[in-house]
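Visitor: My structure is in target.tsv, and what it holds is TSV, C-alpha atoms:
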```tsv
chain	number	residue	atom	x	y	z
A	99	MET	CA	0.00	0.00	0.00
A	100	ILE	CA	2.68	2.51	0.98
A	101	GLU	CA	4.41	1.88	-2.36
A	102	GLU	CA	1.36	1.45	-4.59
A	103	LEU	CA	-0.74	4.49	-3.61
A	104	PRO	CA	1.92	7.15	-4.35
A	105	ILE	CA	2.47	5.60	-7.80
A	106	ARG	CA	-1.22	5.76	-8.65
A	107	LEU	CA	-1.55	9.31	-7.33
A	108	ALA	CA	1.53	10.43	-9.28
A	109	HIS	CA	0.08	9.03	-12.52
A	110	ARG	CA	-3.09	11.04	-11.99
A	111	VAL	CA	-1.16	14.25	-11.26
A	112	LYS	CA	0.85	13.78	-14.46
A	113	GLU	CA	-2.23	13.12	-16.55
A	114	LEU	CA	-4.14	16.08	-15.07
A	115	ASP	CA	-1.18	18.27	-15.94
A	116	GLU	CA	-1.06	17.08	-19.57
A	117	LEU	CA	-4.70	17.39	-20.58
A	118	PRO	CA	-5.34	18.76	-24.08
A	119	ASN	CA	-6.49	22.18	-25.21
A	120	ASN	CA	-6.04	24.04	-21.92
A	121	LEU	CA	-8.38	21.71	-20.00
A	122	SER	CA	-5.62	21.39	-17.40
A	123	LYS	CA	-5.85	25.16	-16.82
A	124	MET	CA	-9.47	25.14	-15.71
A	125	PRO	CA	-9.77	26.24	-12.03
A	126	SER	CA	-11.61	23.10	-10.89
A	127	ILE	CA	-9.14	20.79	-12.65
A	128	ILE	CA	-6.25	22.63	-10.99
A	129	LYS	CA	-7.98	22.16	-7.63
A	130	VAL	CA	-8.27	18.40	-8.19
A	131	LYS	CA	-4.64	18.17	-9.31
A	132	ASP	CA	-3.57	19.98	-6.13
A	133	TRP	CA	-5.54	17.46	-4.03
A	134	TYR	CA	-3.74	14.55	-5.69
A	135	ALA	CA	-0.36	16.24	-5.34
A	136	GLN	CA	-0.99	16.94	-1.65
A	137	SER	CA	-2.03	13.34	-1.04
A	138	PHE	CA	1.11	12.12	-2.82
A	139	GLN	CA	3.23	14.37	-0.62
A	140	ASP	CA	1.47	13.22	2.56
A	141	LEU	CA	2.29	9.59	1.78
A	142	ILE	CA	5.91	9.95	0.73
A	143	GLU	CA	6.69	12.11	3.77
A	144	LEU	CA	5.73	9.33	6.18
A	145	GLN	CA	8.87	8.24	8.00
A	146	THR	CA	9.56	4.51	7.62
A	147	PRO	CA	10.20	2.92	11.03
A	148	GLN	CA	13.48	1.24	11.88
A	149	ILE	CA	12.59	-2.43	12.42
A	150	PRO	CA	15.02	-4.39	14.62
A	151	THR	CA	16.91	-7.09	12.73
A	152	THR	CA	15.64	-9.87	15.01
A	153	ILE	CA	12.02	-8.98	14.29
A	154	LYS	CA	12.71	-8.81	10.53
A	155	GLN	CA	14.19	-12.29	10.62
A	156	ARG	CA	11.20	-13.71	12.47
A	157	LEU	CA	8.72	-11.98	10.13
A	158	TYR	CA	10.35	-13.29	6.96
A	159	SER	CA	11.52	-16.69	8.15
A	160	LYS	CA	8.23	-18.44	7.39
A	161	ILE	CA	7.73	-17.21	3.82
A	162	GLU	CA	10.94	-18.46	2.25
A	163	GLU	CA	9.14	-21.54	0.92
A	164	LEU	CA	5.49	-21.94	-0.03
A	165	PRO	CA	3.62	-24.83	1.57
A	166	PRO	CA	1.95	-27.52	-0.55
A	167	SER	CA	-1.29	-26.36	-2.14
A	168	ILE	CA	-4.58	-27.63	-0.80
A	169	PRO	CA	-8.13	-27.46	-2.25
A	170	ASN	CA	-9.89	-24.17	-1.69
A	171	PRO	CA	-11.97	-24.70	1.49
A	172	SER	CA	-14.41	-21.96	0.49
A	173	LEU	CA	-15.75	-24.33	-2.20
A	174	ALA	CA	-16.60	-27.12	0.24
A	175	ASN	CA	-20.26	-26.16	0.58
A	176	ILE	CA	-20.98	-25.94	-3.14
A	177	ILE	CA	-23.57	-28.52	-4.16
A	178	LYS	CA	-22.08	-30.99	-6.57
A	179	SER	CA	-24.13	-31.37	-9.72
A	180	GLN	CA	-24.32	-34.69	-11.52
A	181	SER	CA	-25.10	-32.93	-14.79
A	182	SER	CA	-22.23	-32.95	-17.28
A	183	LEU	CA	-23.08	-29.35	-18.11
A	184	HIS	CA	-22.84	-28.14	-14.53
A	185	ARG	CA	-20.24	-30.43	-13.00
A	186	SER	CA	-18.28	-28.66	-10.29
A	187	GLY	CA	-14.52	-28.83	-10.23
A	188	SER	CA	-11.59	-27.45	-8.34
A	189	ILE	CA	-11.17	-23.87	-9.59
A	190	GLY	CA	-8.65	-22.55	-7.13
A	191	HIS	CA	-6.16	-23.21	-4.38
A	192	ARG	CA	-5.37	-21.38	-1.21
A	193	TYR	CA	-2.05	-21.39	0.61
A	194	TYR	CA	-1.70	-21.57	4.36
A	195	THR	CA	1.30	-21.15	6.57
A	196	SER	CA	1.58	-20.58	10.27
A	197	LEU	CA	3.44	-17.66	11.77
A	198	ASP	CA	4.80	-17.60	15.26
A	199	ASP	CA	3.64	-14.77	17.47
A	200	VAL	CA	5.91	-11.81	16.94
A	201	GLU	CA	5.95	-8.89	19.31
A	202	CYS	CA	5.80	-5.76	17.14
A	203	SER	CA	7.95	-2.89	18.24
A	204	PRO	CA	6.26	0.38	19.28
A	205	GLU	CA	7.72	2.00	16.15
A	206	ILE	CA	5.81	-0.39	13.88
A	207	ILE	CA	2.55	0.11	15.76
A	208	GLU	CA	2.89	3.89	15.66
A	209	TYR	CA	3.82	3.89	11.97
A	210	THR	CA	0.85	1.69	11.05
A	211	ASP	CA	-1.52	3.96	12.94
A	212	GLN	CA	-0.08	7.07	11.26
A	213	PHE	CA	-0.36	5.43	7.85
A	214	VAL	CA	-4.03	4.57	8.37
A	215	LYS	CA	-4.78	8.10	9.58
A	216	THR	CA	-3.04	9.48	6.50
A	217	ILE	CA	-4.99	7.40	3.99
A	218	GLU	CA	-8.23	8.21	5.82
A	219	ARG	CA	-7.38	11.88	5.36
A	220	VAL	CA	-6.61	11.25	1.68
A	221	LYS	CA	-9.98	9.54	1.19
A	222	ARG	CA	-11.87	12.44	2.80
A	223	ARG	CA	-9.93	14.97	0.74
A	224	HIS	CA	-10.91	13.18	-2.47
A	225	ASP	CA	-14.61	12.76	-1.65
A	226	PRO	CA	-15.73	15.64	-3.93
A	227	VAL	CA	-13.47	14.73	-6.87
A	228	VAL	CA	-16.30	13.54	-9.18
A	229	THR	CA	-18.35	16.71	-8.87
A	230	THR	CA	-15.30	18.97	-8.99
A	231	VAL	CA	-14.07	17.39	-12.23
A	232	ALA	CA	-17.61	17.72	-13.60
A	233	GLN	CA	-17.45	21.43	-12.82
A	234	GLY	CA	-14.08	21.55	-14.58
A	235	ILE	CA	-15.63	20.06	-17.73
A	236	LEU	CA	-18.36	22.71	-17.62
A	237	GLU	CA	-15.70	25.41	-17.31
A	238	TYR	CA	-13.86	23.86	-20.25
A	239	LYS	CA	-16.98	23.89	-22.44
A	240	GLU	CA	-17.63	27.52	-21.55
A	241	TYR	CA	-14.01	28.32	-22.39
A	242	LEU	CA	-14.38	26.67	-25.81
A	243	ASN	CA	-17.84	28.18	-26.26
A	244	SER	CA	-18.86	24.88	-27.79
A	245	PRO	CA	-21.20	21.98	-26.93
A	246	LEU	CA	-18.55	19.53	-28.17
A	247	ILE	CA	-15.95	17.50	-26.35
A	248	ASP	CA	-13.63	15.13	-28.18
A	249	THR	CA	-13.14	11.45	-27.50
A	250	GLU	CA	-9.73	12.12	-25.97
A	251	VAL	CA	-11.39	13.91	-23.04
A	252	GLN	CA	-13.96	11.12	-22.78
A	253	GLN	CA	-11.18	8.52	-22.59
A	254	PHE	CA	-9.38	10.59	-19.96
A	255	LEU	CA	-12.50	10.66	-17.80
A	256	ASP	CA	-12.89	6.87	-18.10
A	257	ARG	CA	-9.27	6.34	-17.04
A	258	PHE	CA	-9.45	8.91	-14.28
A	259	TYR	CA	-12.65	7.63	-12.66
A	260	MET	CA	-11.61	3.98	-12.98
A	261	SER	CA	-8.37	4.85	-11.21
A	262	ARG	CA	-10.35	6.67	-8.52
A	263	ILE	CA	-12.49	3.58	-7.92
A	264	GLY	CA	-9.34	1.50	-7.51
A	265	ILE	CA	-7.66	3.94	-5.13
A	266	ARG	CA	-10.75	4.23	-2.93
A	267	MET	CA	-11.17	0.45	-2.97
A	268	LEU	CA	-7.61	-0.07	-1.71
A	269	ILE	CA	-7.94	2.60	0.96
A	270	GLY	CA	-11.40	1.48	2.07
A	271	GLN	CA	-10.33	-2.17	2.34
A	272	HIS	CA	-7.17	-1.36	4.30
A	273	VAL	CA	-8.94	1.00	6.72
A	274	ALA	CA	-11.84	-1.41	7.27
A	275	LEU	CA	-9.46	-4.26	8.09
A	276	TYR	CA	-7.45	-2.10	10.48
A	277	ARG	CA	-10.16	-0.03	12.16
A	278	GLY	CA	-13.40	-1.88	12.07
A	279	PRO	CA	-14.44	-4.71	14.36
A	280	SER	CA	-14.85	-8.02	12.60
A	281	THR	CA	-18.33	-8.22	11.03
A	282	LYS	CA	-19.90	-11.52	10.09
A	283	ASN	CA	-19.38	-12.40	6.42
A	284	TYR	CA	-17.24	-9.30	5.83
A	285	VAL	CA	-13.55	-9.09	4.99
A	286	GLY	CA	-12.91	-5.37	5.04
A	287	VAL	CA	-15.50	-3.80	2.73
A	288	ILE	CA	-16.02	-7.08	0.83
A	289	CYS	CA	-19.00	-9.18	1.84
A	290	THR	CA	-18.46	-12.88	1.19
A	291	LYS	CA	-22.23	-13.46	1.16
A	292	THR	CA	-23.70	-10.37	-0.48
A	293	ASN	CA	-27.46	-10.92	-0.66
A	294	ILE	CA	-28.53	-9.41	-3.98
A	295	ARG	CA	-32.22	-9.38	-3.10
A	296	GLU	CA	-31.59	-7.31	0.03
A	297	VAL	CA	-29.22	-4.89	-1.71
A	298	ALA	CA	-31.66	-4.46	-4.61
A	299	GLN	CA	-34.60	-3.84	-2.27
A	300	ASP	CA	-32.64	-1.19	-0.41
A	301	ALA	CA	-31.75	0.50	-3.72
A	302	ILE	CA	-35.41	0.35	-4.80
A	303	ASP	CA	-36.55	2.06	-1.60
A	304	ASN	CA	-33.91	4.79	-1.90
A	305	ALA	CA	-34.60	5.45	-5.58
A	306	LYS	CA	-38.37	5.67	-5.03
A	307	PHE	CA	-37.84	8.07	-2.13
A	308	ILE	CA	-35.64	10.34	-4.27
A	309	CYS	CA	-38.20	10.20	-7.10
A	310	GLU	CA	-41.12	11.10	-4.82
A	311	ASP	CA	-39.16	13.95	-3.27
A	312	HIS	CA	-37.98	15.35	-6.62
A	313	TYR	CA	-41.34	15.26	-8.42
A	314	GLY	CA	-43.56	15.87	-5.39
A	315	LEU	CA	-45.30	12.52	-5.80
A	316	PHE	CA	-47.35	10.72	-3.18
A	317	LYS	CA	-46.31	7.41	-4.71
A	318	ALA	CA	-43.52	6.69	-7.19
A	319	PRO	CA	-43.91	4.03	-9.92
A	320	GLU	CA	-43.80	0.51	-8.55
A	321	VAL	CA	-40.72	-1.66	-9.01
A	322	HIS	CA	-41.48	-5.38	-9.29
A	323	MET	CA	-38.50	-7.55	-8.40
A	324	PHE	CA	-38.17	-11.13	-9.66
A	325	CYS	CA	-35.42	-13.05	-7.87
A	326	PRO	CA	-35.09	-16.86	-7.63
A	327	GLY	CA	-34.49	-17.14	-3.90
A	328	ASP	CA	-31.74	-15.50	-1.91
A	329	ILE	CA	-28.74	-15.27	-4.23
A	330	GLU	CA	-25.48	-14.71	-2.37
A	331	PHE	CA	-22.01	-14.11	-3.76
A	332	MET	CA	-18.82	-12.26	-2.92
A	333	TYR	CA	-18.98	-8.55	-3.77
A	334	VAL	CA	-18.76	-5.03	-2.40
A	335	PRO	CA	-22.35	-4.18	-1.37
A	336	SER	CA	-21.82	-0.42	-1.66
A	337	HIS	CA	-20.74	-0.78	-5.31
A	338	LEU	CA	-23.74	-2.97	-6.14
A	339	SER	CA	-26.16	-0.65	-4.36
A	340	HIS	CA	-24.78	2.39	-6.19
A	341	MET	CA	-25.19	0.77	-9.62
A	342	ILE	CA	-28.75	-0.48	-9.07
A	343	PHE	CA	-29.77	2.84	-7.49
A	344	GLU	CA	-28.49	4.87	-10.47
A	345	LEU	CA	-30.19	2.57	-13.00
A	346	LEU	CA	-33.49	2.69	-11.13
A	347	LYS	CA	-33.33	6.49	-10.93
A	348	ASN	CA	-33.11	6.64	-14.72
A	349	SER	CA	-36.08	4.30	-15.17
A	350	LEU	CA	-38.23	6.06	-12.59
A	351	ARG	CA	-37.53	9.46	-14.14
A	352	ALA	CA	-38.30	8.19	-17.65
A	353	VAL	CA	-41.67	6.74	-16.58
A	354	VAL	CA	-42.75	9.79	-14.57
A	355	GLU	CA	-41.77	12.26	-17.29
A	356	ARG	CA	-43.47	10.23	-20.01
A	357	TYR	CA	-46.82	9.90	-18.25
A	358	GLY	CA	-46.76	13.02	-16.08
A	359	PRO	CA	-46.95	13.54	-12.30
A	360	ASP	CA	-50.77	13.24	-12.28
A	361	TYR	CA	-50.69	9.63	-13.47
A	362	GLU	CA	-49.59	8.24	-10.11
A	363	ASP	CA	-52.04	5.37	-9.73
A	364	GLU	CA	-51.50	4.00	-13.24
A	365	TYR	CA	-47.78	4.20	-13.89
A	366	PRO	CA	-46.57	1.02	-15.65
A	367	PRO	CA	-44.33	-0.86	-13.21
A	368	ILE	CA	-40.59	-1.15	-13.62
A	369	LYS	CA	-39.35	-4.74	-13.69
A	370	LEU	CA	-36.12	-5.80	-11.99
A	371	VAL	CA	-35.13	-9.36	-12.88
A	372	ILE	CA	-32.18	-11.18	-11.29
A	373	ALA	CA	-30.75	-14.25	-13.04
A	374	HIS	CA	-28.18	-16.57	-11.46
A	375	GLY	CA	-25.97	-17.98	-14.21
A	376	LYS	CA	-22.89	-20.15	-14.16
A	377	GLU	CA	-20.47	-17.32	-14.97
A	378	ASP	CA	-22.49	-14.17	-14.34
A	379	ILE	CA	-25.23	-12.88	-12.14
A	380	THR	CA	-27.29	-10.59	-14.37
A	381	ILE	CA	-29.71	-7.90	-13.27
A	382	LYS	CA	-32.14	-6.61	-15.90
A	383	ILE	CA	-34.10	-3.42	-15.29
A	384	SER	CA	-36.94	-2.77	-17.76
A	385	ASP	CA	-39.12	0.32	-17.99
A	386	GLU	CA	-41.81	1.72	-20.27
A	387	GLY	CA	-40.50	5.27	-20.20
A	388	GLY	CA	-40.50	5.89	-23.93
A	389	GLY	CA	-36.97	4.76	-24.74
A	390	ILE	CA	-34.07	6.62	-26.32
A	391	PRO	CA	-33.62	7.43	-30.03
A	392	ARG	CA	-31.15	5.09	-31.71
A	393	SER	CA	-28.92	8.03	-32.60
A	394	GLY	CA	-28.63	8.87	-28.90
A	395	ILE	CA	-27.54	5.42	-27.68
A	396	PRO	CA	-23.76	6.06	-28.06
A	397	LEU	CA	-24.12	9.34	-26.20
A	398	VAL	CA	-25.59	7.82	-23.03
A	399	TRP	CA	-22.10	6.56	-22.12
A	400	THR	CA	-20.53	10.01	-22.41
A	401	TYR	CA	-20.07	12.25	-19.39
A	402	MET	CA	-22.29	15.30	-19.00
A	403	TYR	CA	-24.87	13.89	-21.43
A	404	THR	CA	-28.43	13.68	-20.16
A	405	THR	CA	-31.91	13.36	-21.64
A	406	ALA	CA	-33.24	15.36	-18.70
A	407	GLN	CA	-33.07	19.10	-18.32
A	408	ALA	CA	-29.56	19.95	-17.17
A	409	GLN	CA	-29.24	21.08	-13.57
A	410	GLU	CA	-26.62	23.53	-12.42
A	411	LEU	CA	-24.29	22.28	-9.74
A	412	GLU	CA	-25.05	23.80	-6.37
A	413	PRO	CA	-22.54	26.22	-4.80
A	414	GLY	CA	-21.44	23.44	-2.43
A	415	PHE	CA	-20.68	20.97	-5.24
A	416	ASN	CA	-17.14	20.43	-3.95
A	417	GLN	CA	-18.19	19.50	-0.43
A	418	SER	CA	-17.90	15.87	0.63
A	419	ASP	CA	-21.60	15.62	1.53
A	420	PHE	CA	-22.82	16.92	-1.85
A	421	LYS	CA	-25.63	14.81	-3.32
A	422	ALA	CA	-26.14	14.60	-7.07
A	423	PRO	CA	-29.66	15.52	-8.30
A	424	MET	CA	-32.33	13.08	-9.45
A	425	ALA	CA	-31.26	13.64	-13.06
A	426	GLY	CA	-29.53	16.16	-15.27
A	427	PHE	CA	-26.04	15.40	-13.97
A	428	GLY	CA	-25.06	12.95	-16.72
A	429	TYR	CA	-22.73	10.69	-14.73
A	430	GLY	CA	-25.01	7.84	-13.64
A	431	LEU	CA	-24.56	5.41	-16.54
A	432	PRO	CA	-20.84	5.88	-17.34
A	433	ILE	CA	-19.78	5.72	-13.68
A	434	SER	CA	-21.99	2.67	-13.06
A	435	ARG	CA	-20.40	0.90	-16.03
A	436	LEU	CA	-16.94	1.56	-14.58
A	437	TYR	CA	-18.02	0.09	-11.22
A	438	ALA	CA	-19.30	-3.02	-13.02
A	439	ARG	CA	-16.12	-3.40	-15.08
A	440	TYR	CA	-13.86	-2.97	-12.06
A	441	PHE	CA	-14.73	-6.51	-10.92
A	442	GLY	CA	-14.96	-8.02	-14.40
A	443	GLY	CA	-18.62	-7.27	-15.11
A	444	ASP	CA	-20.29	-4.93	-17.59
A	445	LEU	CA	-23.33	-2.77	-18.22
A	446	LYS	CA	-25.36	-2.91	-21.45
A	447	LEU	CA	-28.33	-0.87	-22.64
A	448	ILE	CA	-30.98	-1.71	-25.25
A	449	SER	CA	-33.71	0.79	-26.01
A	450	MET	CA	-36.93	0.76	-28.05
A	451	GLU	CA	-37.83	4.31	-28.97
A	452	GLY	CA	-41.51	4.85	-28.29
A	453	TYR	CA	-41.71	2.08	-25.69
A	454	GLY	CA	-38.93	1.79	-23.12
A	455	THR	CA	-35.42	0.75	-22.18
A	456	ASP	CA	-33.76	-2.41	-20.85
A	457	VAL	CA	-30.42	-2.27	-19.05
A	458	TYR	CA	-28.40	-5.39	-18.26
A	459	LEU	CA	-25.98	-5.31	-15.35
A	460	HIS	CA	-23.59	-8.28	-15.57
A	461	LEU	CA	-21.69	-9.22	-12.40
A	462	ASN	CA	-18.80	-11.65	-12.73
A	463	ARG	CA	-19.13	-14.46	-10.17
A	464	LEU	CA	-15.99	-16.43	-11.09
A	465	SER	CA	-13.53	-14.29	-9.08
A	466	ASN	CA	-11.01	-14.64	-11.90
A	467	SER	CA	-10.69	-11.05	-13.14
A	468	ASP	CA	-7.72	-8.79	-12.55
A	469	GLU	CA	-7.96	-5.18	-11.47
A	470	PRO	CA	-8.27	-3.04	-14.63
A	471	LEU	CA	-5.13	-0.92	-14.36
A	472	ILE	CA	-5.36	1.57	-17.21
A	473	TYR	CA	-2.25	3.24	-18.58
A	474	TYR	CA	-2.29	6.15	-20.94
A	475	GLN	CA	-0.06	7.44	-23.70
A	476	PHE	CA	-0.52	11.12	-24.29
A	477	ASP	CA	0.45	12.75	-27.58
A	478	SER	CA	-0.03	16.50	-27.55
A	479	SER	CA	1.38	17.08	-31.03
A	480	SER	CA	-0.92	19.22	-33.11
A	481	ASP	CA	0.17	17.70	-36.45
A	482	SER	CA	-1.14	14.24	-35.69
A	483	GLU	CA	-2.60	12.62	-38.79
A	484	GLU	CA	-5.62	11.25	-36.96
A	485	GLN	CA	-7.81	13.59	-34.96
A	486	ASP	CA	-10.56	12.41	-32.61
A	487	GLU	CA	-14.06	13.21	-33.73
A	488	PRO	CA	-15.92	15.52	-31.32
A	489	ILE	CA	-18.87	14.24	-29.35
A	490	GLU	CA	-21.89	16.48	-29.01
A	491	ILE	CA	-23.04	16.68	-25.42
A	492	LYS	CA	-26.46	18.06	-24.53
A	493	LEU	CA	-26.35	20.24	-21.42
```
Would you write the structure of this file as structure tokens?
Guide:
Amino acid sequence: MIEELPIRLAHRVKELDELPNNLSKMPSIIKVKDWYAQSFQDLIELQTPQIPTTIKQRLYSKIEELPPSIPNPSLANIIKSQSSLHRSGSIGHRYYTSLDDVECSPEIIEYTDQFVKTIERVKRRHDPVVTTVAQGILEYKEYLNSPLIDTEVQQFLDRFYMSRIGIRMLIGQHVALYRGPSTKNYVGVICTKTNIREVAQDAIDNAKFICEDHYGLFKAPEVHMFCPGDIEFMYVPSHLSHMIFELLKNSLRAVVERYGPDYEDEYPPIKLVIAHGKEDITIKISDEGGGIPRSGIPLVWTYMYTTAQAQELEPGFNQSDFKAPMAGFGYGLPISRLYARYFGGDLKLISMEGYGTDVYLHLNRLSNSDEPLIYYQFDSSSDSEEQDEPIEIKL
């Protein structure tokens, strides 16, 4: 952690400093770059403790040789299927080795505590990054006096936000393991038995509450959930809740705005279907909100695009407790897709203009995907033969 985090932060500082067409000079982008630079400095200035040689020897003595591999015990409770199509097999091994009790020196304990406090401070500092970068993009568009952003900026935002998810995942996991008391079925922020039905129901309740509050409704459109029993798998519940919540917000808004706020008792229900496959767990959310024109489908994955009336960011947009509006912010779908892809899943959208939209959230249940570390190569030369086509963003 102490070596990995500064590297990731330094990459983001470099990229923020090399953005094209004066985007890096926008006040909000400069503010975000300063946050990353300050966090980098905080981490590299931590003084490494002097560990006594005897303790070092005892810490490393047991890892010189790996023990023999044994079957993964977490698979012991899986029901064996006699079907040739669904036959279970050994898909992983886990290594175990014992370690004698080692008395840590006060220097190690103090250093560990200081490190955790530092990364907690970094996480709080970066809470408003998403909204602050969004404000920077608005400033950039005003500077250009154009409704267009090119694909290079879009690709930067994908890289930047994916990196942010990874950094916050590392920090959150480390802090939860160090600070929090052991919670049943949790390893840090990861729940080994995430109940999808419960997470989805919580997201449904939250999305309906936001919808009722935003439109002044007595009752939001119903959401009918179809789930074959209690499906449990290993995931980060907060990530799953965020994705389902954002997708439901879109569907609820589409239905209400198509039929009007006076249609409360007869809104067509939104359907949320959960399917438990061999490789994926898929969540389909279907609405009858009128759909999206085929020409607009590629744009739904671009940042700052929205089919709703754009909403100005509030003056406190860069505060850590800022809440994005019901719609008009334009970040729900692209950010949700990044969350899905972080653990090897994906998010797909199919729309029927004049009827409604289906979104498919695929969650990888094989635990065989690597963290998507995205590297960039930036070419600022103006005489490049190939220029990115601009993307028109409706604000």
Visitor: Determine the nearest neighbour of Cys325 of chain A from the options A:Arg222, A:Arg110, A:Lys382, A:His312, counting only C-alpha atoms.
Guide: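 Of all the options, A:Lys382 lies closest to Cys325 of chain A.
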Visitor: Which value, in Å to one decimal, gives the distance between atom CA of Leu431 of chain A and atom CA of Met402 of chain A?
Guide: 10.4 Å
Visitor: Using all atoms listed in the file, which residue out of A:Ile105, A:Ile265, A:Ala318, A:Ile329 lies closest to Glu296 of chain A?
Guide: A:Ile329
Visitor: Tell me which protein, DNA and RNA residues are within 8 Å of segment 136-150 of chain A, counting only C-alpha atoms, leaving out same-chain ones fewer than 5 positions away, and put them as a PDB file with C-alpha atoms, keeping the file's coordinate frame.
Guide:
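The file below, out-v3.pdb, is the result:
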```pdb
ATOM      1  CA  ILE A 100       2.680   2.510   0.980  1.00  0.00           C
ATOM      2  CA  LEU A 103      -0.740   4.490  -3.610  1.00  0.00           C
ATOM      3  CA  PRO A 104       1.920   7.150  -4.350  1.00  0.00           C
ATOM      4  CA  LEU A 107      -1.550   9.310  -7.330  1.00  0.00           C
ATOM      5  CA  ALA A 108       1.530  10.430  -9.280  1.00  0.00           C
ATOM      6  CA  SER A 203       7.950  -2.890  18.240  1.00  0.00           C
ATOM      7  CA  GLU A 205       7.720   2.000  16.150  1.00  0.00           C
ATOM      8  CA  ILE A 206       5.810  -0.390  13.880  1.00  0.00           C
ATOM      9  CA  TYR A 209       3.820   3.890  11.970  1.00  0.00           C
ATOM     10  CA  PHE A 213      -0.360   5.430   7.850  1.00  0.00           C
ATOM     11  CA  THR A 216      -3.040   9.480   6.500  1.00  0.00           C
ATOM     12  CA  ILE A 217      -4.990   7.400   3.990  1.00  0.00           C
ATOM     13  CA  VAL A 220      -6.610  11.250   1.680  1.00  0.00           C
TER      14      VAL A 220
END
```
Visitor: Find the residues near segment 285-292 of chain A: any atom within 12 Å, counting only C-alpha atoms, skip ones fewer than 6 places away on the same chain, and give them as a PyMOL selection string.
Guide: chain A and resi 172+266-279+298+328-339+441+463+465
Visitor: State, in Å with one decimal place, the distance from atom CA of Pro366 of chain A to atom CA of Leu345 of chain A.
Guide: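 Going from atom CA of Pro366 of chain A over to atom CA of Leu345 of chain A covers 16.7 Å.
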Visitor: As an exercise, work out the distance from atom CA of Thr400 of chain A to atom CA of Thr249 of chain A in Å and give it to one decimal place.
Guide: 9.1 Å
Visitor: Nearest to Arg219 of chain A among A:Tyr134, A:Tyr313, A:Lys112, A:Arg356, with distances taken over only C-alpha atoms: which residue is it?
Guide: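 Ranking A:Tyr134, A:Tyr313, A:Lys112, A:Arg356 by distance to Arg219 of chain A, first place goes to A:Tyr134.
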Visitor: So, counting all atoms listed in the file, which residue among A:Tyr361, A:Pro319, A:Glu218, A:Ser122 is closest to Ile235 of chain A?
Guide: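 Smallest separation from Ile235 of chain A among the options: A:Ser122.
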Visitor: Select, from A:Met341, A:Asp248, A:Asn348, A:Asp385, the residue with the minimum atom-to-atom distance to Leu459 of chain A, counting only C-alpha atoms.
Guide: A:Met341
Visitor: What box, with edges along x, y and z, holds each listed atom of segment 443-456 of chain A when 6 Å is added on every side, and can you state its centre and edge lengths in Å to one decimal, as lines of an AutoDock Vina configuration file?
Guide:
```
center_x = -30.2
center_y = -1.2
center_z = -22.0
size_x = 35.1
size_y = 24.1
size_z = 25.9
```
Visitor: Looking at only C-alpha atoms, which of A:Ile127, A:Ile263, A:Ile247, A:Val227 is the one that sits closest to Tyr403 of chain A?
Guide: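 The shortest atom-to-atom distance to Tyr403 of chain A comes from A:Ile247.
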Visitor: Identify, on the basis of all atoms listed in the file, every residue whose closest approach to Phe316 of chain A does not exceed 9 Å; exclude the query and any residue fewer than 5 positions from it along the same chain; express the result as an NGL selection string.
Guide: :A and (310-311 or 362)
Visitor: Do you know which residues lie at most 12 Å from (-39.5, -16.4, -8.9), with coordinates as in the file and all atoms listed in the file counted, and could you write them as a ChimeraX atom specification?
Guide: /A:295,322-329,370-374
Visitor: Could you add whatever atoms are missing so that segment 390-399 of chain A carries N, CA and C atoms, then write the result as a short mmCIF file (atom, residue, chain, number, x, y, z; two decimals), keeping the file's coordinate frame?
Guide:
```cif
data_model
loop_
_atom_site.label_atom_id
_atom_site.label_comp_id
_atom_site.auth_asym_id
_atom_site.auth_seq_id
_atom_site.Cartn_x
_atom_site.Cartn_y
_atom_site.Cartn_z
N ILE A 390 -35.05 5.63 -25.87
CA ILE A 390 -34.07 6.62 -26.32
C ILE A 390 -33.92 6.46 -27.83
N PRO A 391 -33.85 7.55 -28.59
CA PRO A 391 -33.62 7.43 -30.03
C PRO A 391 -32.32 6.67 -30.32
N ARG A 392 -32.32 5.90 -31.39
CA ARG A 392 -31.15 5.09 -31.71
C ARG A 392 -29.90 5.94 -31.89
N SER A 393 -30.07 7.14 -32.41
CA SER A 393 -28.92 8.03 -32.60
C SER A 393 -28.33 8.49 -31.28
N GLY A 394 -29.11 8.41 -30.20
CA GLY A 394 -28.63 8.87 -28.90
C GLY A 394 -28.00 7.79 -28.05
N ILE A 395 -28.07 6.52 -28.50
CA ILE A 395 -27.54 5.42 -27.68
C ILE A 395 -26.05 5.58 -27.39
N PRO A 396 -25.19 5.90 -28.40
CA PRO A 396 -23.76 6.06 -28.06
C PRO A 396 -23.49 7.18 -27.07
N LEU A 397 -24.37 8.19 -27.05
CA LEU A 397 -24.12 9.34 -26.20
C LEU A 397 -24.43 9.08 -24.73
N VAL A 398 -25.22 8.04 -24.43
CA VAL A 398 -25.59 7.82 -23.03
C VAL A 398 -24.38 7.42 -22.19
N TRP A 399 -23.30 6.96 -22.85
CA TRP A 399 -22.10 6.56 -22.12
C TRP A 399 -21.09 7.70 -22.01
#
```
